[in-house]
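Undergrad: Take a look at the following structure, please.
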Amino acid sequence: MSQKVRINGVKHTGASVFLGVDRCGNPCWTRNPERVMVWLCDGWRARFNQRREQRTRNVPVKDDATGEVVDWVKEPLGGPDVPELISDREARLQCSWMAGIPAPILSSTDRIENTEWFAGLKRRKTIGGRIPGFKSRHRGLGFVCWRNASRSGNAIFHKTGRKSDVVVITGMNPKRWVKPGEKAHWRIIVHVRVGQEIRPYTSVHVDWTHRSLVFVNMPLPLPRTGDGAIGLDRGCVHTLASSDGTFEDMPKPSKAELKRLKYLQRRMARQDHVNEARSGRTAKFVSKRRRKTLSRFNALQGRIVRRRNDWIEKTTTRLAQKTSLSPWRTWTSRP
């Protein structure tokens, strides 16, 4: 399991970061760490979408007379006129604002996009859904940076205190875009709050929207406390019934929470009718009061879902620790 920490802040040291050339041809630099983080997120997302637009999908070919589907052809997600995929070096030359982005960030899009694409197709075949699409800025800002093996690599973790540590991301401006009187190298120091020892990791995932950072590493082995197998049966009265005679019940929402959910649902229904009467159509998210009601409903529903997921994770972990490595046997009270 990866280790997730909270970002307390960012700091910039070294040279001014080159952000690209504006419409008038003037180079732009910045020393604002917040702006640099957004710039890194935009560059990673742009390179990710350049790789994603090369993926193909099946497009139906219909008969002009009858309108029936007569054939299927493969078309890239970016459209029939999408250009061929270019290398990271060519992308830096064509887009000046991507010239200063570190190579470990741009190169990570290849593996991340490939993994997410095939995982999305597998999920679509099993539980349904849509074909994986592009990364959107409105859905959140983030990027992935590889952890190089060398000491002078990127995304280096340094411990500075008992619970306060830093992750250093280094970069270098192109030679032709170095600000006069300054050096080329710069660093972004991400201050994080850590509650446990960080294990060796391969990359870091930065979620700048929610101010969190994830160290991708190998999970620790579960300690086994039991020496036998246990049978499980899923029932209606009790969530789980084990072969040793114990029962496990999933936490359910209280009567007050169910009453509150029902009240908020009815209130949103009335607000929808009012919006429809005023504008002549079903207008979700139009009224500010409906948005406030929806946010309260989502907060309450999310608390119930998180409580249920927490019980599932803790119960399955406890059962896995008690059982041995032998396969589980299914036990049921029915003959």
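In the structure tokens, chains take the letters A, B, ... in the order shown, each chain's residues start at 1, and ligands count up from 1 in the order shown.
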Report as a short mmCIF file (atom, residue, chain, number, x, y, z; two decimals) with all heavy atoms, in the first residue's frame all protein, DNA and RNA residues lying within 9 Å of Asn8 of chain A, evaluated on only C-alpha atoms, omitting residues in the same chain fewer than 4 positions from it.
TA:
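Produced file result13.cif, reproduced below:
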```
data_model
loop_
_atom_site.label_atom_id
_atom_site.label_comp_id
_atom_site.auth_asym_id
_atom_site.auth_seq_id
_atom_site.Cartn_x
_atom_site.Cartn_y
_atom_site.Cartn_z
N SER A 164 7.77 16.57 10.41
CA SER A 164 7.87 17.50 9.28
C SER A 164 9.04 17.09 8.40
O SER A 164 10.17 17.00 8.86
CB SER A 164 8.06 18.93 9.79
OG SER A 164 9.24 19.02 10.56
N VAL A 190 8.76 20.78 -1.26
CA VAL A 190 7.39 20.49 -0.82
C VAL A 190 7.46 20.04 0.63
O VAL A 190 8.03 18.98 0.94
CB VAL A 190 6.74 19.42 -1.71
CG1 VAL A 190 5.29 19.19 -1.28
CG2 VAL A 190 6.81 19.80 -3.17
N HIS A 191 6.89 20.82 1.52
CA HIS A 191 6.85 20.47 2.93
C HIS A 191 5.64 19.57 3.19
O HIS A 191 4.50 19.92 2.86
CB HIS A 191 6.75 21.73 3.79
CG HIS A 191 7.98 22.60 3.72
ND1 HIS A 191 9.00 22.53 4.65
CD2 HIS A 191 8.36 23.54 2.81
CE1 HIS A 191 9.95 23.39 4.33
NE2 HIS A 191 9.58 24.03 3.21
N VAL A 192 5.89 18.41 3.79
CA VAL A 192 4.84 17.43 4.05
C VAL A 192 4.85 17.08 5.54
O VAL A 192 5.87 17.25 6.24
CB VAL A 192 5.03 16.15 3.20
CG1 VAL A 192 4.91 16.47 1.73
CG2 VAL A 192 6.37 15.49 3.50
N ARG A 193 3.73 16.58 5.99
CA ARG A 193 3.58 16.12 7.37
C ARG A 193 3.50 14.59 7.35
O ARG A 193 2.57 14.02 6.77
CB ARG A 193 2.33 16.71 8.01
CG ARG A 193 2.14 16.30 9.48
CD ARG A 193 0.94 17.00 10.08
NE ARG A 193 0.73 16.58 11.46
CZ ARG A 193 1.33 17.10 12.52
NH1 ARG A 193 2.20 18.08 12.32
NH2 ARG A 193 1.08 16.68 13.73
N ARG A 211 -4.05 19.06 -1.92
CA ARG A 211 -2.84 19.25 -1.14
C ARG A 211 -2.39 17.95 -0.45
O ARG A 211 -2.22 17.89 0.77
CB ARG A 211 -3.05 20.35 -0.09
CG ARG A 211 -3.32 21.74 -0.64
CD ARG A 211 -2.13 22.25 -1.46
NE ARG A 211 -2.23 23.67 -1.74
CZ ARG A 211 -2.86 24.22 -2.76
NH1 ARG A 211 -3.47 23.43 -3.63
NH2 ARG A 211 -2.88 25.52 -2.95
N SER A 212 -2.19 16.93 -1.25
CA SER A 212 -1.72 15.65 -0.73
C SER A 212 -0.64 15.10 -1.66
O SER A 212 -0.57 15.45 -2.84
CB SER A 212 -2.87 14.65 -0.61
OG SER A 212 -3.42 14.35 -1.87
#
```
Undergrad: Output as an NGL selection string all residues of segment 61-255 of chain A that backbone DSSP marks as strand (DSSP E).
TA: :A and (61-62 or 69-76 or 142-146 or 156-159 or 164-172 or 185-193 or 201-207 or 212-217 or 232-234 or 240-242 or 247-248)
Undergrad: From the DSSP assignment of the backbone, select every residue of segment 122-221 of chain A that is helix (DSSP H, G or I), and format the answer as a VMD selection string.
TA: chain A and resid 122 to 127 137 to 139 175 to 177
Undergrad: Those selected residues, please, written with N, CA, C and O atoms and delivered as a PDB file, in the first residue's frame.
TA:
```pdb
ATOM      1  N   LYS A 122     -10.656  -2.747 -18.789  1.00  0.00           N
ATOM      2  CA  LYS A 122     -11.025  -3.928 -18.017  1.00  0.00           C
ATOM      3  C   LYS A 122     -12.221  -3.636 -17.115  1.00  0.00           C
ATOM      4  O   LYS A 122     -13.123  -4.465 -16.967  1.00  0.00           O
ATOM      5  N   ARG A 123     -12.234  -2.454 -16.513  1.00  0.00           N
ATOM      6  CA  ARG A 123     -13.371  -2.074 -15.676  1.00  0.00           C
ATOM      7  C   ARG A 123     -14.643  -1.938 -16.498  1.00  0.00           C
ATOM      8  O   ARG A 123     -15.735  -2.290 -16.046  1.00  0.00           O
ATOM      9  N   ARG A 124     -14.500  -1.438 -17.717  1.00  0.00           N
ATOM     10  CA  ARG A 124     -15.669  -1.290 -18.588  1.00  0.00           C
ATOM     11  C   ARG A 124     -16.255  -2.642 -18.981  1.00  0.00           C
ATOM     12  O   ARG A 124     -17.480  -2.793 -19.118  1.00  0.00           O
ATOM     13  N   LYS A 125     -15.393  -3.656 -19.171  1.00  0.00           N
ATOM     14  CA  LYS A 125     -15.885  -4.975 -19.543  1.00  0.00           C
ATOM     15  C   LYS A 125     -16.566  -5.683 -18.376  1.00  0.00           C
ATOM     16  O   LYS A 125     -17.462  -6.500 -18.584  1.00  0.00           O
ATOM     17  N   THR A 126     -16.135  -5.400 -17.158  1.00  0.00           N
ATOM     18  CA  THR A 126     -16.664  -6.101 -15.994  1.00  0.00           C
ATOM     19  C   THR A 126     -17.898  -5.425 -15.420  1.00  0.00           C
ATOM     20  O   THR A 126     -18.942  -6.065 -15.235  1.00  0.00           O
ATOM     21  N   ILE A 127     -17.807  -4.123 -15.118  1.00  0.00           N
ATOM     22  CA  ILE A 127     -18.921  -3.429 -14.472  1.00  0.00           C
ATOM     23  C   ILE A 127     -19.554  -2.371 -15.357  1.00  0.00           C
ATOM     24  O   ILE A 127     -20.515  -1.708 -14.932  1.00  0.00           O
ATOM     25  N   ARG A 137      -8.671  19.880 -16.468  1.00  0.00           N
ATOM     26  CA  ARG A 137      -8.181  20.789 -15.438  1.00  0.00           C
ATOM     27  C   ARG A 137      -9.215  20.995 -14.343  1.00  0.00           C
ATOM     28  O   ARG A 137      -8.872  21.203 -13.178  1.00  0.00           O
ATOM     29  N   HIS A 138     -10.491  20.944 -14.712  1.00  0.00           N
ATOM     30  CA  HIS A 138     -11.550  21.180 -13.738  1.00  0.00           C
ATOM     31  C   HIS A 138     -11.735  20.004 -12.784  1.00  0.00           C
ATOM     32  O   HIS A 138     -12.373  20.156 -11.743  1.00  0.00           O
ATOM     33  N   ARG A 139     -11.216  18.842 -13.126  1.00  0.00           N
ATOM     34  CA  ARG A 139     -11.359  17.676 -12.253  1.00  0.00           C
ATOM     35  C   ARG A 139     -10.232  17.547 -11.247  1.00  0.00           C
ATOM     36  O   ARG A 139     -10.217  16.602 -10.461  1.00  0.00           O
ATOM     37  N   LYS A 175      19.100  26.473 -21.842  1.00  0.00           N
ATOM     38  CA  LYS A 175      20.208  27.424 -21.894  1.00  0.00           C
ATOM     39  C   LYS A 175      19.798  28.745 -22.521  1.00  0.00           C
ATOM     40  O   LYS A 175      20.221  29.812 -22.078  1.00  0.00           O
ATOM     41  N   ARG A 176      18.966  28.671 -23.548  1.00  0.00           N
ATOM     42  CA  ARG A 176      18.591  29.915 -24.239  1.00  0.00           C
ATOM     43  C   ARG A 176      17.556  30.717 -23.464  1.00  0.00           C
ATOM     44  O   ARG A 176      17.277  31.869 -23.809  1.00  0.00           O
ATOM     45  N   TRP A 177      16.944  30.117 -22.429  1.00  0.00           N
ATOM     46  CA  TRP A 177      15.904  30.797 -21.670  1.00  0.00           C
ATOM     47  C   TRP A 177      16.301  30.990 -20.209  1.00  0.00           C
ATOM     48  O   TRP A 177      15.445  31.030 -19.333  1.00  0.00           O
TER      49      TRP A 177
END
```
Undergrad: Find the residues near segment 153-158 of chain A: any atom within 10 Å, counting only C-alpha atoms, skip ones fewer than 3 places away on the same chain, and give them as a PyMOL selection string.
TA: chain A and resi 102-105+144-150+161+164-171+187-192+198+200-204+215
Undergrad: Need to verify the contact set: segment 75-85 of chain A, 12 Å, only C-alpha atoms, exclusion of same-chain residues closer than 4 positions in sequence. Can you return it as a compact mmCIF listing (two decimals) with N, CA and C atoms, in the first residue's frame?
TA:
```txt
# COMPACT_ATOMS: atom_id res chain seq x y z
N ARG A 47 0.88 16.62 -21.60
CA ARG A 47 1.61 15.49 -22.19
C ARG A 47 0.81 14.20 -22.07
N PHE A 48 0.07 14.03 -20.97
CA PHE A 48 -0.79 12.86 -20.81
C PHE A 48 -1.87 12.84 -21.89
N ASN A 49 -2.50 13.97 -22.15
CA ASN A 49 -3.56 14.03 -23.17
C ASN A 49 -3.00 13.82 -24.57
N GLN A 50 -1.76 14.24 -24.81
CA GLN A 50 -1.16 13.97 -26.11
C GLN A 50 -0.99 12.48 -26.36
N ARG A 51 -0.69 11.74 -25.33
CA ARG A 51 -0.60 10.28 -25.47
C ARG A 51 -1.99 9.64 -25.52
N ARG A 52 -2.94 10.19 -24.78
CA ARG A 52 -4.26 9.60 -24.74
C ARG A 52 -5.00 9.79 -26.06
N GLU A 53 -4.76 10.88 -26.77
CA GLU A 53 -5.48 11.12 -28.02
C GLU A 53 -5.08 10.16 -29.13
N GLN A 54 -4.00 9.41 -28.93
CA GLN A 54 -3.59 8.42 -29.92
C GLN A 54 -4.37 7.11 -29.78
N ARG A 55 -5.06 6.90 -28.66
CA ARG A 55 -5.84 5.68 -28.47
C ARG A 55 -7.03 5.67 -29.42
N THR A 56 -7.39 4.48 -29.87
CA THR A 56 -8.46 4.35 -30.86
C THR A 56 -9.74 3.84 -30.21
N ARG A 57 -10.84 4.15 -30.83
CA ARG A 57 -12.15 3.67 -30.43
C ARG A 57 -12.92 3.25 -31.67
N ASN A 58 -13.92 2.41 -31.50
CA ASN A 58 -14.74 1.94 -32.61
C ASN A 58 -15.85 2.95 -32.91
N VAL A 59 -15.90 3.41 -34.14
CA VAL A 59 -16.90 4.38 -34.58
C VAL A 59 -17.80 3.71 -35.62
N PRO A 60 -19.13 3.76 -35.47
CA PRO A 60 -20.01 3.09 -36.42
C PRO A 60 -20.07 3.83 -37.75
N VAL A 61 -20.20 3.07 -38.81
CA VAL A 61 -20.39 3.61 -40.16
C VAL A 61 -21.83 3.27 -40.57
N ARG A 89 11.32 15.38 -26.36
CA ARG A 89 12.23 16.42 -26.85
C ARG A 89 11.54 17.30 -27.88
N GLU A 90 10.80 16.70 -28.80
CA GLU A 90 10.08 17.49 -29.80
C GLU A 90 8.96 18.30 -29.16
N ALA A 91 8.33 17.74 -28.13
CA ALA A 91 7.28 18.50 -27.44
C ALA A 91 7.85 19.74 -26.76
N ASP A 110 3.93 8.29 -19.88
CA ASP A 110 3.86 7.11 -20.74
C ASP A 110 3.30 5.92 -19.99
N ILE A 131 -15.52 4.66 -22.09
CA ILE A 131 -14.12 4.53 -22.45
C ILE A 131 -13.33 5.63 -21.72
N PRO A 132 -12.16 5.31 -21.17
CA PRO A 132 -11.36 6.35 -20.49
C PRO A 132 -11.10 7.53 -21.40
N GLY A 133 -11.25 8.73 -20.86
CA GLY A 133 -11.10 9.94 -21.65
C GLY A 133 -9.84 10.71 -21.26
N PHE A 134 -9.90 12.02 -21.44
CA PHE A 134 -8.77 12.89 -21.22
C PHE A 134 -8.77 13.43 -19.79
```
Undergrad: One decimal, in Å: what's the spacing between atom CA of Arg296 of chain A and atom CA of Arg270 of chain A?
TA: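 Value for the atom CA of Arg296 of chain A-atom CA of Arg270 of chain A distance: 15.7 Å.
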Undergrad: Residues at most 9 Å from Gly100 of chain A, counting only C-alpha atoms, excluding those fewer than 2 positions away in the same chain, as JSON, numbers by chain?
TA: {"A": [17, 18, 19, 20, 92, 96, 97, 98, 102, 103, 171, 172, 173, 174, 177]}
Undergrad: Work out how far apart atom CA of Thr13 of chain A and atom CA of Ser107 of chain A are and give it in Å to one decimal.
TA: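 Those two atoms sit 23.8 Å apart.
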Undergrad: To one decimal place, how far is atom CA of Trp117 of chain A from atom CA of Phe143 of chain A in Å?
TA: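 Computed distance, atom CA of Trp117 of chain A to atom CA of Phe143 of chain A, equals 16.7 Å.
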